[in-house]
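One structure below.
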Amino acid sequence: MNGPRHGYWCECWTQDLTEEERPTLRASLDAYSASQADRWVAVTLRTISPALDSDASDTAWAWLSQGRIATRQALLRSEPCAVTITHAQTRITWTIRPVLFLPLAHRQGVELPACTNDFKPWKASS
């Protein structure tokens with residue numbers, strides 16, 4: 001990658017609704033197209049849907065059959081999206097937001113500064 005590249009940052013969060021805790025990040029994905037981003041959510045929902053309670057399953061299949069189109073259209077307009085289902089006492093939320101991925105410096109074939117030779121890995125004391 002030579003320059004910045006448009007894409008989508010996708011995350012899956014869960015939250016136990018019986019506890020007063022913050023949501024927990026479970027997974028993330030860097031997607032380079034709207035279809036790749038919403039496919040990640042779709043594959044996950046199809047995979048877990050047999051284990052969901054009936055309300056959560058209905059919500060999942062409603063998004064898969066109708067909501068996915070609206071999500072894709074919003075992503076193509078560079079709008080962030082979220083898909084949320086609640087199963088028993090757990091809220092699961094997938095977020096997708098447009099981002100600009102920046103290239104990282106490539107270290108091969110580049111002369112590093114002299115100070116890098118002074119670096120000594122940290123060792124735990126015995």
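Letters A, B, ... mark the chains of the structure tokens in the order given; residue numbers begin at 1 per chain; ligand numbers begin at 1, in order shown.
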* To do: Give me the residues within 8 Å of Thr95 of chain A as a count of residues only, counting only C-alpha atoms and dropping any in the same chain fewer than 3 places off.
  => 8
Quick one: everything within 10 Å of Leu75 of chain A, counting only C-alpha atoms, minus sequence neighbours fewer than 6 positions away in the same chain. Send it as an mmCIF file with N, CA and C atoms, in the first residue's frame.
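Result file is part27.cif:
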data_model
loop_
_atom_site.group_PDB
_atom_site.id
_atom_site.type_symbol
_atom_site.label_atom_id
_atom_site.label_comp_id
_atom_site.auth_asym_id
_atom_site.auth_seq_id
_atom_site.Cartn_x
_atom_site.Cartn_y
_atom_site.Cartn_z
ATOM 1 N N GLY A 7 -11.533 2.312 3.605
ATOM 2 C CA GLY A 7 -12.005 1.006 4.035
ATOM 3 C C GLY A 7 -12.984 1.164 5.181
ATOM 4 N N TYR A 8 -13.170 0.074 5.922
ATOM 5 C CA TYR A 8 -14.132 0.044 7.021
ATOM 6 C C TYR A 8 -13.512 -0.685 8.203
ATOM 7 N N SER A 33 -13.985 -3.121 1.540
ATOM 8 C CA SER A 33 -15.175 -2.810 0.741
ATOM 9 C C SER A 33 -16.395 -2.918 1.644
ATOM 10 N N ALA A 34 -17.476 -2.240 1.237
ATOM 11 C CA ALA A 34 -18.726 -2.308 2.002
ATOM 12 C C ALA A 34 -19.242 -3.743 2.033
ATOM 13 N N SER A 35 -19.120 -4.446 0.920
ATOM 14 C CA SER A 35 -19.615 -5.826 0.882
ATOM 15 C C SER A 35 -18.822 -6.734 1.821
ATOM 16 N N ALA A 37 -17.368 -5.781 4.576
ATOM 17 C CA ALA A 37 -17.733 -5.391 5.941
ATOM 18 C C ALA A 37 -19.072 -5.987 6.357
ATOM 19 N N ASP A 38 -20.107 -5.822 5.524
ATOM 20 C CA ASP A 38 -21.408 -6.356 5.945
ATOM 21 C C ASP A 38 -21.453 -7.877 5.844
ATOM 22 N N ILE A 69 -29.377 -4.620 3.348
ATOM 23 C CA ILE A 69 -29.388 -3.727 2.187
ATOM 24 C C ILE A 69 -29.220 -2.276 2.646
ATOM 25 N N CYS A 81 -22.432 2.320 10.750
ATOM 26 C CA CYS A 81 -23.614 1.474 10.983
ATOM 27 C C CYS A 81 -23.390 0.578 12.193
ATOM 28 N N ILE A 96 -19.685 -0.903 12.207
ATOM 29 C CA ILE A 96 -18.895 -0.751 10.983
ATOM 30 C C ILE A 96 -18.790 0.748 10.731
ATOM 31 N N ARG A 97 -17.578 1.226 10.588
ATOM 32 C CA ARG A 97 -17.436 2.656 10.303
ATOM 33 C C ARG A 97 -16.372 2.874 9.232
ATOM 34 N N PRO A 98 -16.629 3.841 8.375
ATOM 35 C CA PRO A 98 -15.660 4.158 7.331
ATOM 36 C C PRO A 98 -14.380 4.717 7.948
#
* Ile48 of chain A surroundings by only C-alpha atoms, 12 Å radius, close-in-sequence under 4 positions cut, as a list in words -> Val41, Ala42, Val43, Thr44, Leu52, Asp53, Ala56, Ser57, Ala60, Trp61, Ile85, His87 and Ile92 of chain A
* To do: Would you mind listing what lies within 9 Å of Arg91 of chain A as a PyMOL selection string, with only C-alpha atoms counted and same-chain residues fewer than 4 positions away left out?
  => chain A and resi 13-17+23+84-87
Selection from above, C-alpha atoms, as a PDB file, in the first residue's frame, can you write it?
ATOM      1  CA  TRP A  13     -18.898  -6.005  21.194  1.00  0.00           C
ATOM      2  CA  THR A  14     -20.794  -7.916  23.873  1.00  0.00           C
ATOM      3  CA  GLN A  15     -22.307  -6.686  27.094  1.00  0.00           C
ATOM      4  CA  ASP A  16     -23.792  -8.641  29.969  1.00  0.00           C
ATOM      5  CA  LEU A  17     -26.996  -6.757  30.777  1.00  0.00           C
ATOM      6  CA  PRO A  23     -19.083  -3.692  26.741  1.00  0.00           C
ATOM      7  CA  THR A  84     -27.501  -5.114  17.626  1.00  0.00           C
ATOM      8  CA  ILE A  85     -29.240  -8.218  18.897  1.00  0.00           C
ATOM      9  CA  THR A  86     -30.039  -9.216  22.462  1.00  0.00           C
ATOM     10  CA  HIS A  87     -29.907 -12.884  23.397  1.00  0.00           C
TER      11      HIS A  87
END
With DSSP run on the backbone, what are the strand (DSSP E) residues within chain A? I'd like them as a compact mmCIF listing (two decimals) with all heavy atoms, in the first residue's frame.
# COMPACT_ATOMS: atom_id res chain seq x y z
N ARG A 5 -5.75 4.39 2.12
CA ARG A 5 -6.75 3.59 1.42
C ARG A 5 -8.06 3.62 2.20
O ARG A 5 -8.06 3.41 3.41
CB ARG A 5 -6.24 2.16 1.29
CG ARG A 5 -7.12 1.26 0.49
CD ARG A 5 -6.47 -0.06 0.27
NE ARG A 5 -7.38 -0.93 -0.46
CZ ARG A 5 -7.17 -2.20 -0.67
NH1 ARG A 5 -6.07 -2.78 -0.24
NH2 ARG A 5 -8.05 -2.92 -1.32
N HIS A 6 -9.15 3.87 1.49
CA HIS A 6 -10.46 3.87 2.13
C HIS A 6 -10.87 2.44 2.47
O HIS A 6 -10.57 1.51 1.74
CB HIS A 6 -11.52 4.50 1.21
CG HIS A 6 -11.33 5.97 1.06
ND1 HIS A 6 -11.83 6.88 1.96
CD2 HIS A 6 -10.68 6.69 0.12
CE1 HIS A 6 -11.50 8.10 1.58
NE2 HIS A 6 -10.78 8.01 0.46
N GLY A 7 -11.53 2.31 3.61
CA GLY A 7 -12.01 1.01 4.03
C GLY A 7 -12.98 1.16 5.18
O GLY A 7 -13.54 2.25 5.40
N TYR A 8 -13.17 0.07 5.92
CA TYR A 8 -14.13 0.04 7.02
C TYR A 8 -13.51 -0.68 8.20
O TYR A 8 -12.88 -1.72 8.04
CB TYR A 8 -15.42 -0.67 6.59
CG TYR A 8 -16.05 -0.02 5.39
CD1 TYR A 8 -15.70 -0.42 4.10
CD2 TYR A 8 -16.95 1.03 5.54
CE1 TYR A 8 -16.26 0.20 3.00
CE2 TYR A 8 -17.50 1.65 4.44
CZ TYR A 8 -17.15 1.23 3.18
OH TYR A 8 -17.69 1.86 2.08
N TRP A 9 -13.70 -0.13 9.39
CA TRP A 9 -13.26 -0.78 10.61
C TRP A 9 -14.48 -1.41 11.26
O TRP A 9 -15.47 -0.74 11.54
CB TRP A 9 -12.60 0.22 11.55
CG TRP A 9 -12.05 -0.45 12.77
CD1 TRP A 9 -12.49 -0.32 14.05
CD2 TRP A 9 -10.98 -1.39 12.81
NE1 TRP A 9 -11.75 -1.11 14.89
CE2 TRP A 9 -10.82 -1.79 14.15
CE3 TRP A 9 -10.13 -1.95 11.84
CZ2 TRP A 9 -9.85 -2.70 14.55
CZ3 TRP A 9 -9.17 -2.86 12.24
CH2 TRP A 9 -9.03 -3.23 13.58
N CYS A 10 -14.42 -2.71 11.47
CA CYS A 10 -15.56 -3.49 11.99
C CYS A 10 -15.20 -4.04 13.37
O CYS A 10 -14.09 -4.52 13.57
CB CYS A 10 -15.86 -4.66 11.05
SG CYS A 10 -16.00 -4.21 9.31
N GLU A 11 -16.16 -3.97 14.27
CA GLU A 11 -15.94 -4.51 15.62
C GLU A 11 -17.18 -5.27 16.07
O GLU A 11 -18.29 -4.96 15.66
CB GLU A 11 -15.67 -3.38 16.62
CG GLU A 11 -14.41 -2.62 16.34
CD GLU A 11 -14.20 -1.44 17.27
OE1 GLU A 11 -15.19 -0.90 17.80
OE2 GLU A 11 -13.04 -1.07 17.45
N CYS A 12 -16.96 -6.24 16.95
CA CYS A 12 -18.06 -6.96 17.60
C CYS A 12 -17.87 -6.79 19.10
O CYS A 12 -16.80 -7.11 19.64
CB CYS A 12 -18.03 -8.44 17.23
SG CYS A 12 -19.34 -9.38 18.07
N TRP A 13 -18.91 -6.26 19.76
CA TRP A 13 -18.90 -6.00 21.19
C TRP A 13 -20.00 -6.82 21.87
O TRP A 13 -21.07 -7.00 21.30
CB TRP A 13 -19.17 -4.53 21.47
CG TRP A 13 -18.10 -3.61 20.97
CD1 TRP A 13 -17.96 -3.13 19.70
CD2 TRP A 13 -17.04 -3.06 21.72
NE1 TRP A 13 -16.87 -2.31 19.62
CE2 TRP A 13 -16.29 -2.25 20.86
CE3 TRP A 13 -16.66 -3.17 23.06
CZ2 TRP A 13 -15.16 -1.56 21.29
CZ3 TRP A 13 -15.54 -2.46 23.48
CH2 TRP A 13 -14.80 -1.67 22.60
N THR A 14 -19.74 -7.28 23.07
CA THR A 14 -20.79 -7.92 23.87
C THR A 14 -20.89 -7.20 25.21
O THR A 14 -19.91 -6.62 25.69
CB THR A 14 -20.53 -9.42 24.12
OG1 THR A 14 -19.31 -9.56 24.84
CG2 THR A 14 -20.47 -10.19 22.81
N GLN A 15 -22.09 -7.27 25.78
CA GLN A 15 -22.31 -6.69 27.09
C GLN A 15 -23.30 -7.54 27.86
O GLN A 15 -24.37 -7.86 27.36
CB GLN A 15 -22.84 -5.27 26.97
CG GLN A 15 -23.01 -4.57 28.29
CD GLN A 15 -23.43 -3.12 28.14
OE1 GLN A 15 -23.87 -2.69 27.09
NE2 GLN A 15 -23.27 -2.35 29.21
N ASP A 16 -22.91 -7.91 29.07
CA ASP A 16 -23.79 -8.64 29.97
C ASP A 16 -24.74 -7.62 30.59
O ASP A 16 -24.31 -6.73 31.31
CB ASP A 16 -22.97 -9.36 31.04
CG ASP A 16 -23.81 -10.20 31.98
OD1 ASP A 16 -25.04 -9.99 32.05
OD2 ASP A 16 -23.24 -11.07 32.65
N THR A 24 -17.52 -5.42 26.08
CA THR A 24 -16.22 -6.04 25.85
C THR A 24 -16.03 -6.26 24.35
O THR A 24 -16.90 -6.81 23.68
CB THR A 24 -16.16 -7.41 26.56
OG1 THR A 24 -16.39 -7.21 27.95
CG2 THR A 24 -14.82 -8.09 26.36
N LEU A 25 -14.89 -5.82 23.85
CA LEU A 25 -14.56 -6.04 22.44
C LEU A 25 -14.21 -7.51 22.25
O LEU A 25 -13.35 -8.04 22.92
CB LEU A 25 -13.38 -5.16 22.02
CG LEU A 25 -12.91 -5.32 20.57
CD1 LEU A 25 -13.99 -4.87 19.58
CD2 LEU A 25 -11.62 -4.52 20.34
N ARG A 26 -14.91 -8.17 21.32
CA ARG A 26 -14.69 -9.60 21.07
C ARG A 26 -13.91 -9.87 19.79
O ARG A 26 -13.19 -10.85 19.70
CB ARG A 26 -16.03 -10.34 21.01
CG ARG A 26 -16.81 -10.30 22.27
CD ARG A 26 -16.07 -11.02 23.37
NE ARG A 26 -16.82 -10.94 24.62
CZ ARG A 26 -16.40 -11.45 25.73
NH1 ARG A 26 -15.25 -12.08 25.78
NH2 ARG A 26 -17.11 -11.33 26.83
N ALA A 27 -14.10 -9.01 18.79
CA ALA A 27 -13.43 -9.24 17.51
C ALA A 27 -13.39 -7.93 16.73
O ALA A 27 -14.20 -7.04 16.96
CB ALA A 27 -14.16 -10.30 16.70
N SER A 28 -12.45 -7.84 15.81
CA SER A 28 -12.37 -6.69 14.92
C SER A 28 -11.85 -7.14 13.57
O SER A 28 -11.23 -8.19 13.45
CB SER A 28 -11.48 -5.60 15.52
OG SER A 28 -10.17 -6.09 15.71
N LEU A 29 -12.14 -6.33 12.57
CA LEU A 29 -11.77 -6.69 11.20
C LEU A 29 -11.54 -5.41 10.41
O LEU A 29 -12.30 -4.45 10.54
CB LEU A 29 -12.91 -7.49 10.55
CG LEU A 29 -12.78 -7.78 9.06
CD1 LEU A 29 -11.81 -8.93 8.82
CD2 LEU A 29 -14.13 -8.09 8.46
N ASP A 30 -10.51 -5.40 9.60
CA ASP A 30 -10.32 -4.31 8.65
C ASP A 30 -10.84 -4.79 7.30
O ASP A 30 -10.38 -5.80 6.78
CB ASP A 30 -8.86 -3.86 8.58
CG ASP A 30 -7.88 -5.01 8.36
OD1 ASP A 30 -8.15 -6.13 8.84
OD2 ASP A 30 -6.85 -4.79 7.71
N ALA A 31 -11.84 -4.11 6.79
CA ALA A 31 -12.47 -4.48 5.52
C ALA A 31 -12.16 -3.39 4.49
O ALA A 31 -12.09 -2.21 4.84
CB ALA A 31 -13.97 -4.64 5.70
N CYS A 81 -22.43 2.32 10.75
CA CYS A 81 -23.61 1.47 10.98
C CYS A 81 -23.39 0.58 12.19
O CYS A 81 -22.26 0.30 12.56
CB CYS A 81 -23.87 0.57 9.78
SG CYS A 81 -24.22 1.47 8.28
N ALA A 82 -24.50 0.13 12.76
CA ALA A 82 -24.43 -0.84 13.86
C ALA A 82 -25.59 -1.81 13.73
O ALA A 82 -26.68 -1.45 13.28
CB ALA A 82 -24.49 -0.13 15.20
N VAL A 83 -25.32 -3.04 14.11
CA VAL A 83 -26.33 -4.10 14.15
C VAL A 83 -26.29 -4.65 15.56
O VAL A 83 -25.23 -5.03 16.05
CB VAL A 83 -26.02 -5.22 13.13
CG1 VAL A 83 -27.04 -6.33 13.23
CG2 VAL A 83 -25.91 -4.67 11.72
N THR A 84 -27.44 -4.66 16.24
CA THR A 84 -27.50 -5.11 17.63
C THR A 84 -28.59 -6.15 17.79
O THR A 84 -29.70 -5.99 17.29
CB THR A 84 -27.78 -3.94 18.58
OG1 THR A 84 -26.73 -2.98 18.42
CG2 THR A 84 -27.84 -4.38 20.02
N ILE A 85 -28.24 -7.23 18.49
CA ILE A 85 -29.24 -8.22 18.90
C ILE A 85 -29.04 -8.47 20.39
O ILE A 85 -27.95 -8.27 20.92
CB ILE A 85 -29.15 -9.55 18.11
CG1 ILE A 85 -27.80 -10.23 18.34
CG2 ILE A 85 -29.41 -9.33 16.63
CD1 ILE A 85 -27.74 -11.64 17.79
N THR A 86 -30.12 -8.87 21.05
CA THR A 86 -30.04 -9.22 22.46
C THR A 86 -30.51 -10.64 22.63
O THR A 86 -31.63 -10.99 22.27
CB THR A 86 -30.90 -8.27 23.32
OG1 THR A 86 -30.45 -6.92 23.08
CG2 THR A 86 -30.78 -8.60 24.79
N HIS A 87 -29.62 -11.47 23.14
CA HIS A 87 -29.91 -12.88 23.40
C HIS A 87 -29.82 -13.10 24.90
O HIS A 87 -28.76 -12.85 25.50
CB HIS A 87 -28.91 -13.78 22.67
CG HIS A 87 -28.94 -15.20 23.11
ND1 HIS A 87 -29.99 -16.03 22.79
CD2 HIS A 87 -28.09 -15.93 23.86
CE1 HIS A 87 -29.76 -17.23 23.32
NE2 HIS A 87 -28.61 -17.17 23.98
N THR A 90 -27.50 -11.00 27.14
CA THR A 90 -26.30 -10.52 26.45
C THR A 90 -26.68 -9.69 25.23
O THR A 90 -27.44 -10.15 24.38
CB THR A 90 -25.41 -11.70 26.01
OG1 THR A 90 -25.07 -12.47 27.16
CG2 THR A 90 -24.15 -11.21 25.33
N ARG A 91 -26.14 -8.49 25.17
CA ARG A 91 -26.31 -7.64 24.00
C ARG A 91 -25.07 -7.81 23.13
O ARG A 91 -23.94 -7.69 23.62
CB ARG A 91 -26.47 -6.18 24.39
CG ARG A 91 -26.60 -5.26 23.17
CD ARG A 91 -26.72 -3.79 23.54
NE ARG A 91 -27.88 -3.59 24.39
CZ ARG A 91 -27.88 -2.91 25.53
NH1 ARG A 91 -26.77 -2.37 25.98
NH2 ARG A 91 -28.99 -2.76 26.23
N ILE A 92 -25.28 -8.09 21.85
CA ILE A 92 -24.18 -8.22 20.89
C ILE A 92 -24.35 -7.11 19.86
O ILE A 92 -25.42 -6.99 19.26
CB ILE A 92 -24.19 -9.59 20.19
CG1 ILE A 92 -24.25 -10.73 21.21
CG2 ILE A 92 -22.96 -9.73 19.28
CD1 ILE A 92 -24.56 -12.08 20.61
N THR A 93 -23.29 -6.34 19.67
CA THR A 93 -23.35 -5.22 18.72
C THR A 93 -22.16 -5.30 17.77
O THR A 93 -21.02 -5.41 18.21
CB THR A 93 -23.33 -3.87 19.44
OG1 THR A 93 -24.43 -3.81 20.35
CG2 THR A 93 -23.40 -2.71 18.46
N TRP A 94 -22.46 -5.25 16.48
CA TRP A 94 -21.45 -5.15 15.45
C TRP A 94 -21.46 -3.71 14.97
O TRP A 94 -22.52 -3.17 14.66
CB TRP A 94 -21.74 -6.07 14.28
CG TRP A 94 -21.62 -7.52 14.61
CD1 TRP A 94 -20.52 -8.31 14.46
CD2 TRP A 94 -22.64 -8.37 15.15
NE1 TRP A 94 -20.79 -9.59 14.87
CE2 TRP A 94 -22.08 -9.66 15.30
CE3 TRP A 94 -23.96 -8.16 15.53
CZ2 TRP A 94 -22.81 -10.72 15.80
CZ3 TRP A 94 -24.69 -9.22 16.04
CH2 TRP A 94 -24.12 -10.49 16.17
N THR A 95 -20.30 -3.08 14.92
CA THR A 95 -20.20 -1.73 14.40
C THR A 95 -19.32 -1.74 13.15
O THR A 95 -18.36 -2.51 13.07
CB THR A 95 -19.60 -0.76 15.43
OG1 THR A 95 -18.29 -1.21 15.79
CG2 THR A 95 -20.47 -0.66 16.67
N ILE A 96 -19.68 -0.90 12.21
CA ILE A 96 -18.89 -0.75 10.98
C ILE A 96 -18.79 0.75 10.73
O ILE A 96 -19.81 1.44 10.67
CB ILE A 96 -19.57 -1.42 9.77
CG1 ILE A 96 -19.91 -2.88 10.06
CG2 ILE A 96 -18.69 -1.28 8.53
CD1 ILE A 96 -20.79 -3.52 8.98
N ARG A 97 -17.58 1.23 10.59
CA ARG A 97 -17.44 2.66 10.30
C ARG A 97 -16.37 2.87 9.23
O ARG A 97 -15.35 2.18 9.22
CB ARG A 97 -17.16 3.45 11.55
CG ARG A 97 -15.99 3.08 12.33
CD ARG A 97 -15.90 3.93 13.62
NE ARG A 97 -14.67 3.62 14.30
CZ ARG A 97 -14.53 2.64 15.18
NH1 ARG A 97 -15.54 1.88 15.51
NH2 ARG A 97 -13.36 2.43 15.74
N PRO A 98 -16.63 3.84 8.38
CA PRO A 98 -15.66 4.16 7.33
C PRO A 98 -14.38 4.72 7.95
O PRO A 98 -14.43 5.48 8.92
CB PRO A 98 -16.35 5.23 6.49
CG PRO A 98 -17.78 5.20 6.89
CD PRO A 98 -17.83 4.66 8.28
N VAL A 99 -13.26 4.31 7.41
CA VAL A 99 -11.96 4.79 7.89
C VAL A 99 -11.03 5.00 6.71
O VAL A 99 -11.31 4.58 5.58
CB VAL A 99 -11.30 3.79 8.88
CG1 VAL A 99 -12.11 3.64 10.15
CG2 VAL A 99 -11.09 2.44 8.23
N LEU A 100 -9.93 5.61 7.00
CA LEU A 100 -8.86 5.77 6.03
C LEU A 100 -7.66 5.03 6.61
O LEU A 100 -7.11 5.41 7.64
CB LEU A 100 -8.55 7.26 5.85
CG LEU A 100 -7.66 7.64 4.70
CD1 LEU A 100 -8.26 7.20 3.36
CD2 LEU A 100 -7.45 9.15 4.68
N PHE A 101 -7.27 3.92 5.97
CA PHE A 101 -6.13 3.14 6.43
C PHE A 101 -4.85 3.80 5.92
O PHE A 101 -4.73 4.09 4.73
CB PHE A 101 -6.20 1.70 5.92
CG PHE A 101 -7.32 0.90 6.53
CD1 PHE A 101 -8.41 0.54 5.76
CD2 PHE A 101 -7.28 0.51 7.85
CE1 PHE A 101 -9.44 -0.20 6.31
CE2 PHE A 101 -8.30 -0.23 8.41
CZ PHE A 101 -9.39 -0.59 7.64
* To do: Could you pull out the residues in segment 16-98 of chain A that DSSP calls alpha helix (DSSP H) from the backbone, as a PyMOL selection string?
  => chain A and resi 34-48+54-62+68-76
